[in-house]
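final.cif follows; it contains mmCIF, C-alpha atoms.
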```
data_start
#
loop_
_atom_site.group_PDB
_atom_site.id
_atom_site.type_symbol
_atom_site.label_atom_id
_atom_site.label_comp_id
_atom_site.auth_asym_id
_atom_site.auth_seq_id
_atom_site.Cartn_x
_atom_site.Cartn_y
_atom_site.Cartn_z
ATOM 1 C CA MET M 1 0.000 0.000 0.000
ATOM 2 C CA ARG M 2 1.645 3.207 -1.131
ATOM 3 C CA THR M 3 0.648 6.743 -0.349
ATOM 4 C CA ALA M 4 1.685 9.690 -2.498
ATOM 5 C CA VAL M 5 2.548 12.814 -0.504
ATOM 6 C CA VAL M 6 2.248 15.723 -2.909
ATOM 7 C CA VAL M 7 4.778 18.548 -2.853
ATOM 8 C CA PHE M 8 3.796 21.900 -4.349
ATOM 9 C CA PRO M 9 6.186 24.859 -4.468
ATOM 10 C CA GLY M 10 5.771 26.187 -0.916
ATOM 11 C CA THR M 11 4.588 22.962 0.724
ATOM 12 C CA ASN M 12 6.456 22.534 4.011
ATOM 13 C CA CYS M 13 4.887 19.656 5.958
ATOM 14 C CA GLU M 14 5.627 16.858 3.508
ATOM 15 C CA HIS M 15 8.450 15.254 5.503
ATOM 16 C CA ASP M 16 6.336 15.260 8.659
ATOM 17 C CA VAL M 17 3.620 13.359 6.796
ATOM 18 C CA VAL M 18 6.032 10.821 5.329
ATOM 19 C CA HIS M 19 7.602 10.336 8.762
ATOM 20 C CA ALA M 20 4.248 9.884 10.492
ATOM 21 C CA LEU M 21 2.902 7.394 7.949
ATOM 22 C CA THR M 22 6.190 5.471 8.016
ATOM 23 C CA VAL M 23 6.237 5.313 11.820
ATOM 24 C CA LEU M 24 2.747 3.821 11.636
ATOM 25 C CA GLY M 25 3.918 1.104 9.250
ATOM 26 C CA GLY M 26 2.811 2.695 5.999
ATOM 27 C CA GLU M 27 4.753 3.351 2.847
ATOM 28 C CA ALA M 28 4.812 6.977 1.713
ATOM 29 C CA GLU M 29 6.640 8.722 -1.061
ATOM 30 C CA LEU M 30 7.056 12.375 -2.037
ATOM 31 C CA VAL M 31 5.566 13.305 -5.409
ATOM 32 C CA TRP M 32 6.212 16.619 -7.190
ATOM 33 C CA HIS M 33 3.105 18.582 -8.188
ATOM 34 C CA ARG M 34 3.970 18.273 -11.882
ATOM 35 C CA GLU M 35 3.532 14.481 -11.763
ATOM 36 C CA THR M 36 0.739 13.312 -14.078
ATOM 37 C CA ASP M 37 0.605 9.618 -13.172
ATOM 38 C CA LEU M 38 -0.262 8.386 -9.689
ATOM 39 C CA SER M 39 -1.361 4.942 -10.884
ATOM 40 C CA GLY M 40 1.179 3.253 -8.600
ATOM 41 C CA PHE M 41 -0.382 4.772 -5.476
ATOM 42 C CA ASP M 42 -3.330 3.641 -3.366
ATOM 43 C CA GLY M 43 -3.963 6.936 -1.589
ATOM 44 C CA VAL M 44 -2.747 10.502 -1.527
ATOM 45 C CA VAL M 45 -2.038 13.192 1.061
ATOM 46 C CA LEU M 46 -1.857 16.922 0.327
ATOM 47 C CA PRO M 47 0.281 18.284 3.175
ATOM 48 C CA GLY M 48 0.353 21.711 4.807
ATOM 49 C CA GLY M 49 2.354 24.748 3.780
ATOM 50 C CA PHE M 50 1.852 27.656 1.427
ATOM 51 C CA ALA M 51 1.427 26.122 -2.023
ATOM 52 C CA HIS M 52 2.345 28.650 -4.716
ATOM 53 C CA GLY M 53 2.756 31.227 -1.957
ATOM 54 C CA ASP M 54 -0.985 31.155 -1.230
ATOM 55 C CA TYR M 55 -1.219 33.920 -3.840
ATOM 56 C CA LEU M 56 -4.668 35.071 -4.949
ATOM 57 C CA ARG M 57 -6.329 32.770 -2.384
ATOM 58 C CA THR M 58 -5.025 29.785 -0.469
ATOM 59 C CA GLY M 59 -5.035 26.823 -2.847
ATOM 60 C CA ALA M 60 -6.301 28.881 -5.811
ATOM 61 C CA ILE M 61 -3.204 28.323 -7.955
ATOM 62 C CA ALA M 62 -2.400 24.852 -6.626
ATOM 63 C CA ARG M 63 -5.691 23.465 -7.858
ATOM 64 C CA PHE M 64 -4.420 23.925 -11.420
ATOM 65 C CA SER M 65 -1.190 21.988 -10.822
ATOM 66 C CA PRO M 66 -0.828 19.026 -13.214
ATOM 67 C CA VAL M 67 -1.096 16.462 -10.397
ATOM 68 C CA MET M 68 -4.620 17.598 -9.541
ATOM 69 C CA SER M 69 -6.286 15.687 -12.371
ATOM 70 C CA GLU M 70 -4.851 12.473 -10.919
ATOM 71 C CA ILE M 71 -6.091 13.438 -7.469
ATOM 72 C CA GLU M 72 -9.557 14.036 -8.932
ATOM 73 C CA ARG M 73 -9.399 10.613 -10.562
ATOM 74 C CA MET M 74 -8.430 8.915 -7.309
ATOM 75 C CA ALA M 75 -11.117 10.796 -5.396
ATOM 76 C CA GLY M 76 -13.689 9.689 -7.960
ATOM 77 C CA GLN M 77 -12.543 6.080 -7.643
ATOM 78 C CA GLY M 78 -13.104 6.143 -3.898
ATOM 79 C CA ARG M 79 -9.433 6.100 -2.956
ATOM 80 C CA PRO M 80 -8.399 7.847 0.268
ATOM 81 C CA VAL M 81 -7.546 11.502 -0.341
ATOM 82 C CA LEU M 82 -6.484 13.526 2.685
ATOM 83 C CA GLY M 83 -5.748 17.257 2.746
ATOM 84 C CA ILE M 84 -4.101 18.652 5.856
ATOM 85 C CA CYS M 85 -4.181 22.410 6.544
ATOM 86 C CA ASN M 86 -3.125 23.966 3.197
ATOM 87 C CA GLY M 87 -4.050 20.637 1.585
ATOM 88 C CA PHE M 88 -7.592 21.072 2.967
ATOM 89 C CA GLN M 89 -7.716 24.535 1.367
ATOM 90 C CA ILE M 90 -6.559 23.117 -1.974
ATOM 91 C CA LEU M 91 -9.226 20.374 -1.931
ATOM 92 C CA CYS M 92 -11.922 23.005 -1.324
ATOM 93 C CA GLU M 93 -10.622 25.216 -4.142
ATOM 94 C CA ALA M 94 -10.595 22.174 -6.424
ATOM 95 C CA GLY M 95 -14.216 21.469 -5.578
ATOM 96 C CA LEU M 96 -13.390 18.034 -4.158
ATOM 97 C CA LEU M 97 -14.690 19.235 -0.791
ATOM 98 C CA PRO M 98 -17.524 21.713 -0.230
ATOM 99 C CA GLY M 99 -17.008 25.208 1.158
ATOM 100 C CA ALA M 100 -13.897 27.326 1.534
ATOM 101 C CA LEU M 101 -11.432 28.435 4.201
ATOM 102 C CA ILE M 102 -11.297 32.090 5.233
ATOM 103 C CA ALA M 103 -9.260 34.046 7.798
ATOM 104 C CA ASN M 104 -9.710 33.064 11.425
ATOM 105 C CA ARG M 105 -12.468 34.940 13.243
ATOM 106 C CA ASP M 106 -10.002 36.917 15.409
ATOM 107 C CA LEU M 107 -7.508 37.508 12.556
ATOM 108 C CA ALA M 108 -4.787 35.750 14.554
ATOM 109 C CA PHE M 109 -2.447 33.078 13.273
ATOM 110 C CA ILE M 110 -3.284 30.233 15.648
ATOM 111 C CA CYS M 111 -0.417 27.978 16.650
ATOM 112 C CA ARG M 112 -1.281 25.754 19.592
ATOM 113 C CA PHE M 113 -2.672 22.384 20.590
ATOM 114 C CA VAL M 114 -6.427 22.051 20.157
ATOM 115 C CA ASP M 115 -8.871 19.460 21.431
ATOM 116 C CA LEU M 116 -11.035 17.811 18.807
ATOM 117 C CA GLU M 117 -14.004 15.481 19.066
ATOM 118 C CA VAL M 118 -14.789 12.806 16.516
ATOM 119 C CA THR M 119 -18.314 13.319 15.148
ATOM 120 C CA ASP M 120 -18.396 10.923 12.203
ATOM 121 C CA THR M 121 -16.488 7.649 11.833
ATOM 122 C CA ASP M 122 -17.577 6.928 8.290
ATOM 123 C CA THR M 123 -14.533 8.647 6.740
ATOM 124 C CA VAL M 124 -11.064 7.484 5.785
ATOM 125 C CA LEU M 125 -9.563 9.560 8.591
ATOM 126 C CA THR M 126 -11.838 8.520 11.441
ATOM 127 C CA ARG M 127 -12.827 4.957 10.646
ATOM 128 C CA THR M 128 -10.718 3.441 13.426
ATOM 129 C CA ALA M 129 -11.858 6.070 15.956
ATOM 130 C CA GLU M 130 -15.102 6.253 17.933
ATOM 131 C CA VAL M 131 -17.768 8.944 17.935
ATOM 132 C CA GLY M 132 -17.098 11.211 20.907
ATOM 133 C CA GLN M 133 -13.414 10.260 21.080
ATOM 134 C CA ARG M 134 -11.186 13.246 21.817
ATOM 135 C CA VAL M 135 -7.824 13.924 20.225
ATOM 136 C CA ARG M 136 -5.355 16.703 20.996
ATOM 137 C CA ILE M 137 -3.162 17.794 18.075
ATOM 138 C CA PRO M 138 -1.547 21.059 16.898
ATOM 139 C CA LEU M 139 -3.429 23.700 14.918
ATOM 140 C CA ASN M 140 -1.221 25.985 12.831
ATOM 141 C CA SER M 141 -3.121 28.258 10.480
ATOM 142 C CA TYR M 142 -4.386 31.732 9.621
ATOM 143 C CA GLU M 143 -7.027 30.864 7.018
ATOM 144 C CA GLY M 144 -8.536 28.068 9.057
ATOM 145 C CA SER M 145 -12.165 29.063 9.348
ATOM 146 C CA TRP M 146 -14.328 26.821 7.196
ATOM 147 C CA VAL M 147 -17.481 28.264 5.637
ATOM 148 C CA ASP M 148 -19.959 26.244 3.633
ATOM 149 C CA PRO M 149 -22.912 28.238 2.279
ATOM 150 C CA SER M 150 -24.184 25.038 0.609
ATOM 151 C CA ASN M 151 -24.412 23.238 3.969
ATOM 152 C CA THR M 152 -23.398 19.982 2.308
ATOM 153 C CA GLY M 153 -20.136 19.201 4.111
ATOM 154 C CA ARG M 154 -20.045 16.310 6.559
ATOM 155 C CA VAL M 155 -18.196 17.201 9.748
ATOM 156 C CA ALA M 156 -15.784 14.428 10.774
ATOM 157 C CA LEU M 157 -14.168 16.199 13.728
ATOM 158 C CA ARG M 158 -15.144 19.375 15.517
ATOM 159 C CA TYR M 159 -13.205 21.734 17.754
ATOM 160 C CA VAL M 160 -14.161 21.461 21.397
ATOM 161 C CA ASP M 161 -13.443 25.188 21.991
ATOM 162 C CA ASP M 162 -14.111 26.783 18.533
ATOM 163 C CA PRO M 163 -10.794 28.669 18.122
ATOM 164 C CA ASN M 164 -11.401 30.181 14.675
ATOM 165 C CA GLY M 165 -15.124 30.592 13.974
ATOM 166 C CA SER M 166 -15.335 27.590 11.684
ATOM 167 C CA GLN M 167 -18.917 26.701 10.673
ATOM 168 C CA GLN M 168 -20.329 24.007 12.987
ATOM 169 C CA ALA M 169 -16.916 24.296 14.745
ATOM 170 C CA ALA M 170 -15.673 21.949 12.023
ATOM 171 C CA ALA M 171 -12.014 20.947 12.214
ATOM 172 C CA ALA M 172 -12.293 18.211 9.572
ATOM 173 C CA ILE M 173 -14.893 17.536 6.918
ATOM 174 C CA SER M 174 -15.456 14.917 4.266
ATOM 175 C CA ASN M 175 -17.273 14.507 0.978
ATOM 176 C CA ASP M 176 -20.486 12.450 0.826
ATOM 177 C CA GLU M 177 -18.585 9.220 0.258
ATOM 178 C CA GLY M 178 -16.175 9.834 3.149
ATOM 179 C CA ASN M 179 -13.077 9.085 1.052
ATOM 180 C CA VAL M 180 -11.998 12.714 0.616
ATOM 181 C CA VAL M 181 -11.213 14.413 3.919
ATOM 182 C CA GLY M 182 -9.815 17.822 4.802
ATOM 183 C CA ILE M 183 -8.499 18.556 8.281
ATOM 184 C CA MET M 184 -7.163 21.918 9.471
ATOM 185 C CA PRO M 185 -5.071 20.779 12.496
ATOM 186 C CA HIS M 186 -2.049 18.533 11.959
ATOM 187 C CA PRO M 187 -2.415 14.829 12.864
ATOM 188 C CA GLU M 188 1.072 14.156 11.454
ATOM 189 C CA ARG M 189 2.566 16.324 14.206
ATOM 190 C CA GLY M 190 0.862 14.224 16.842
ATOM 191 C CA VAL M 191 2.467 10.814 16.464
ATOM 192 C CA ASP M 192 4.984 10.986 19.301
ATOM 193 C CA GLU M 193 4.253 11.679 22.974
ATOM 194 C CA LEU M 194 7.770 13.067 23.299
ATOM 195 C CA LEU M 195 6.715 15.977 21.058
ATOM 196 C CA GLY M 196 3.505 16.690 22.933
ATOM 197 C CA SER M 197 0.935 14.293 21.552
ATOM 198 C CA GLY M 198 0.457 10.849 20.107
ATOM 199 C CA ASP M 199 -3.234 11.414 19.400
ATOM 200 C CA GLY M 200 -2.749 11.935 15.680
ATOM 201 C CA ARG M 201 -2.000 8.236 15.375
ATOM 202 C CA ALA M 202 -5.670 7.354 15.867
ATOM 203 C CA LEU M 203 -6.490 9.392 12.749
ATOM 204 C CA LEU M 204 -3.614 8.443 10.465
ATOM 205 C CA GLU M 205 -4.074 4.763 11.334
ATOM 206 C CA GLY M 206 -7.603 5.154 9.995
ATOM 207 C CA PHE M 207 -6.169 6.556 6.787
ATOM 208 C CA LEU M 208 -3.706 3.666 6.421
ATOM 209 C CA HIS M 209 -6.456 1.121 7.155
ATOM 210 C CA SER M 210 -8.520 2.667 4.384
ATOM 211 C CA LEU M 211 -5.951 1.908 1.702
ATOM 212 C CA VAL M 212 -6.853 -0.971 -0.574
ATOM 213 C CA PRO M 213 -4.734 -2.241 -3.477
ATOM 214 C CA ALA M 214 -4.947 -0.068 -6.588
ATOM 215 C CA MET O 1 -6.820 47.109 -23.080
ATOM 216 C CA LYS O 2 -6.893 47.895 -19.414
ATOM 217 C CA VAL O 3 -9.400 45.975 -17.370
ATOM 218 C CA THR O 4 -10.330 46.346 -13.735
ATOM 219 C CA VAL O 5 -11.736 43.373 -11.878
ATOM 220 C CA GLU O 6 -13.391 43.885 -8.537
ATOM 221 C CA ILE O 7 -13.898 40.778 -6.423
ATOM 222 C CA THR O 8 -16.269 41.131 -3.505
ATOM 223 C CA ARG O 9 -17.040 38.709 -0.744
ATOM 224 C CA ARG O 10 -20.756 37.936 -0.506
ATOM 225 C CA PRO O 11 -22.487 39.898 2.259
ATOM 226 C CA GLU O 12 -23.445 36.742 4.161
ATOM 227 C CA ILE O 13 -19.776 35.644 4.448
ATOM 228 C CA ALA O 14 -17.968 37.105 7.443
ATOM 229 C CA ASP O 15 -15.161 39.585 6.816
ATOM 230 C CA PRO O 16 -13.069 39.696 10.023
ATOM 231 C CA GLN O 17 -10.685 42.225 8.475
ATOM 232 C CA GLY O 18 -13.517 44.656 7.747
ATOM 233 C CA THR O 19 -14.893 44.181 11.266
ATOM 234 C CA THR O 20 -11.486 44.937 12.782
ATOM 235 C CA ILE O 21 -11.030 48.084 10.674
ATOM 236 C CA GLN O 22 -14.510 49.257 11.636
ATOM 237 C CA ARG O 23 -13.621 48.796 15.312
ATOM 238 C CA ALA O 24 -10.407 50.795 14.822
ATOM 239 C CA LEU O 25 -12.310 53.616 13.098
ATOM 240 C CA HIS O 26 -14.760 53.736 15.995
ATOM 241 C CA ASP O 27 -11.839 53.856 18.425
ATOM 242 C CA LEU O 28 -10.584 56.916 16.520
ATOM 243 C CA GLY O 29 -13.945 58.599 16.953
ATOM 244 C CA HIS O 30 -15.400 57.890 13.525
ATOM 245 C CA ASN O 31 -18.596 56.521 14.945
ATOM 246 C CA GLU O 32 -20.565 57.320 11.811
ATOM 247 C CA VAL O 33 -19.042 54.269 10.077
ATOM 248 C CA ILE O 34 -21.779 51.659 9.842
ATOM 249 C CA SER O 35 -19.870 48.859 8.152
ATOM 250 C CA VAL O 36 -16.528 48.091 6.508
ATOM 251 C CA ARG O 37 -15.800 45.406 3.931
ATOM 252 C CA VAL O 38 -12.353 44.775 2.450
ATOM 253 C CA ASP O 39 -12.397 43.519 -1.129
ATOM 254 C CA ARG O 40 -9.884 42.848 -3.861
ATOM 255 C CA VAL O 41 -9.168 44.797 -7.044
ATOM 256 C CA ILE O 42 -7.105 43.261 -9.851
ATOM 257 C CA HIS O 43 -5.796 45.354 -12.762
ATOM 258 C CA LEU O 44 -5.161 43.500 -16.021
ATOM 259 C CA GLU O 45 -3.756 44.552 -19.358
ATOM 260 C CA VAL O 46 -5.250 42.349 -22.058
ATOM 261 C CA GLU O 47 -4.604 42.046 -25.787
ATOM 262 C CA GLY O 48 -7.693 42.672 -27.906
ATOM 263 C CA GLU O 49 -9.597 45.171 -30.032
ATOM 264 C CA ASP O 50 -13.228 44.566 -29.109
ATOM 265 C CA PRO O 51 -14.113 45.708 -25.577
ATOM 266 C CA SER O 52 -17.086 43.360 -25.295
ATOM 267 C CA GLN O 53 -14.918 40.366 -26.277
ATOM 268 C CA VAL O 54 -12.251 41.380 -23.772
ATOM 269 C CA GLN O 55 -14.959 41.808 -21.157
ATOM 270 C CA ALA O 56 -16.300 38.310 -21.837
ATOM 271 C CA ARG O 57 -12.821 36.756 -21.742
ATOM 272 C CA VAL O 58 -11.991 38.350 -18.404
ATOM 273 C CA GLU O 59 -15.359 37.268 -16.988
ATOM 274 C CA ASP O 60 -14.393 33.711 -17.965
ATOM 275 C CA MET O 61 -11.099 34.177 -16.093
ATOM 276 C CA CYS O 62 -13.030 35.297 -13.029
ATOM 277 C CA ARG O 63 -15.231 32.214 -13.092
ATOM 278 C CA GLU O 64 -12.233 29.947 -13.690
ATOM 279 C CA VAL O 65 -9.726 31.256 -11.163
ATOM 280 C CA LEU O 66 -9.814 34.911 -10.106
ATOM 281 C CA ALA O 67 -12.917 34.591 -7.913
ATOM 282 C CA ASN O 68 -14.023 31.736 -5.692
ATOM 283 C CA PRO O 69 -17.682 31.084 -6.575
ATOM 284 C CA VAL O 70 -18.306 29.689 -3.088
ATOM 285 C CA LEU O 71 -17.563 33.039 -1.438
ATOM 286 C CA GLU O 72 -17.241 35.805 -3.957
ATOM 287 C CA ASP O 73 -18.932 37.837 -6.696
ATOM 288 C CA PHE O 74 -17.104 39.878 -9.321
ATOM 289 C CA THR O 75 -17.505 42.825 -11.650
ATOM 290 C CA VAL O 76 -15.393 43.431 -14.753
ATOM 291 C CA GLU O 77 -14.862 46.848 -16.278
ATOM 292 C CA VAL O 78 -12.895 47.575 -19.456
ATOM 293 C CA VAL O 79 -11.471 50.963 -18.566
ATOM 294 C CA GLU O 80 -9.616 51.918 -21.762
#
```

Written as structure tokens, how would this file's structure read?
Amino acid sequence: MRTAVVVFPGTNCEHDVVHALTVLGGEAELVWHRETDLSGFDGVVLPGGFAHGDYLRTGAIARFSPVMSEIERMAGQGRPVLGICNGFQILCEAGLLPGALIANRDLAFICRFVDLEVTDTDTVLTRTAEVGQRVRIPLNSYEGSWVDPSNTGRVALRYVDDPNGSQQAAAAISNDEGNVVGIMPHPERGVDELLGSGDGRALLEGFLHSLVPA
Amino acid sequence: MKVTVEITRRPEIADPQGTTIQRALHDLGHNEVISVRVDRVIHLEVEGEDPSQVQARVEDMCREVLANPVLEDFTVEVVE
């Protein structure tokens, strides 16, 4: 089972994701955003950072990167597609997830641990968790407030304390099928108690369990 | 041709930056300010002879990339 970890110009969390998936027994490989063939991969992660400098809007330029047509294909085939932080923003811009991310309610860049509660276990990120389970992982974003005028997004995890004004206090949402998930906090930075939290494991293990042979 | 694109966030979508500026204006005594919204203006220079064709092309660009249809509306004006 191989996971592609996509690197755009300005992505900066890709090594954290590869490390976290590897620690959990997965196989992950960096893929440049100009790649046009992901047929050898069973799932894909869009990591955090500032793809294409976040110019125009976060994710607005990244959604036109050549790799995105392959990500759309995989999403359509039901393969696990996970966007973390900036990756979440890119998936919204690409229309693979509903809504959009805007500046935090208090216009502050938030960089701290947040408590989340699992609200839906029928997604590739939460399938090994339980409804009501709490996880504590770092949040690290400015445009982290999710808005969804269509009210079609399914909330997979919600913030316990609503740090950024996100609609329904959503920290992670999925598409209808549950195979495309965007999460604003960083599960990949929560795989080692020594660094403050191991709670992200419960989420990324769900992702790895969701991989089936391509 | 010179084209001005104005991209505005829909009224129902929060604009924390506008709210903060409004608060600052009130702090400075400008209490007559009822609301503040911060929007985006993009200036383009586009090849073309027919203003209505240029207008239509730039409107396509807005729908494709310059505006986010989830949050924003746009107006396009060919200025010269």

Using all atoms listed in the file, what table do you get, as a Markdown table, when you list each residue of chain M with an atom no more than 8 Å from chain O, its nearest pair of atoms, and their distance in Å rounded to one decimal, rows by chain then rising number?
```
| residue | atom | partner | partner_atom | distance |
| --- | --- | --- | --- | --- |
| M:Leu56 | CA | O:Leu66 | CA | 7.3 |
| M:Ala60 | CA | O:Val65 | CA | 6.8 |
| M:Ile61 | CA | O:Val65 | CA | 7.8 |
| M:Glu93 | CA | O:Asn68 | CA | 7.5 |
| M:Gly99 | CA | O:Val70 | CA | 6.3 |
| M:Ala100 | CA | O:Val70 | CA | 6.8 |
| M:Ala103 | CA | O:Pro16 | CA | 7.2 |
| M:Asn104 | CA | O:Pro16 | CA | 7.6 |
| M:Arg105 | CA | O:Pro16 | CA | 5.8 |
| M:Asp106 | CA | O:Pro16 | CA | 6.8 |
| M:Leu107 | CA | O:Pro16 | CA | 6.5 |
| M:Val147 | CA | O:Ile13 | CA | 7.8 |
| M:Asp148 | CA | O:Val70 | CA | 7.7 |
| M:Pro149 | CA | O:Val70 | CA | 7.2 |
```

Review point. Which value, in Å to one decimal, gives the distance between atom CA of M:Asp176 and atom CA of M:Leu96?
Key: 10.3 Å

Practice item. Report the residues retrieved by the PyMOL selection byres ((chain M and resi 62-77) around 9) from the displayed file, expressed as a ChimeraX atom specification. Key: /M:6,8-9,31-39,42-44,51-52,54,58-61,78-81,90-91,93-94,96,179-180

Exercise for review: Tell me which of M:Ile84, M:Ile102, M:Ala28, M:Leu204 sits closest to M:Gly49, counting all atoms listed in the file.
Suggested key: M:Ile84

Practice item. Please write as a list in words the full residue list that the PyMOL selection byres ((chain M and resi 120) around 9) yields on this file. Key: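 Checked against the file, the PyMOL selection byres ((chain M and resi 120) around 9) matches Val118, Thr119, Thr121, Asp122, Thr123, Thr126, Arg127, Ala129, Glu130, Val131, Gly132, Arg154, Val155, Ala156 and Leu157 of chain M.
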
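Residues captured in this structure file are Met1, Lys2, Val3, His43, Asp60, Met61 and Cys62 of chain O, according to the PyMOL selection byres ((chain O and resi 44-59) around 6).
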
**Study point:** O:Phe74 surroundings by only C-alpha atoms, 7 Å radius, close-in-sequence under 3 positions cut, as a ChimeraX atom specification
**Key:** /O:5-8,67

Review point. Which one is closest to M:Ser150: M:Ser166, M:Cys85, M:His15, M:Pro98? Count all atoms listed in the file.
Key: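 Nearest to M:Ser150: M:Pro98.
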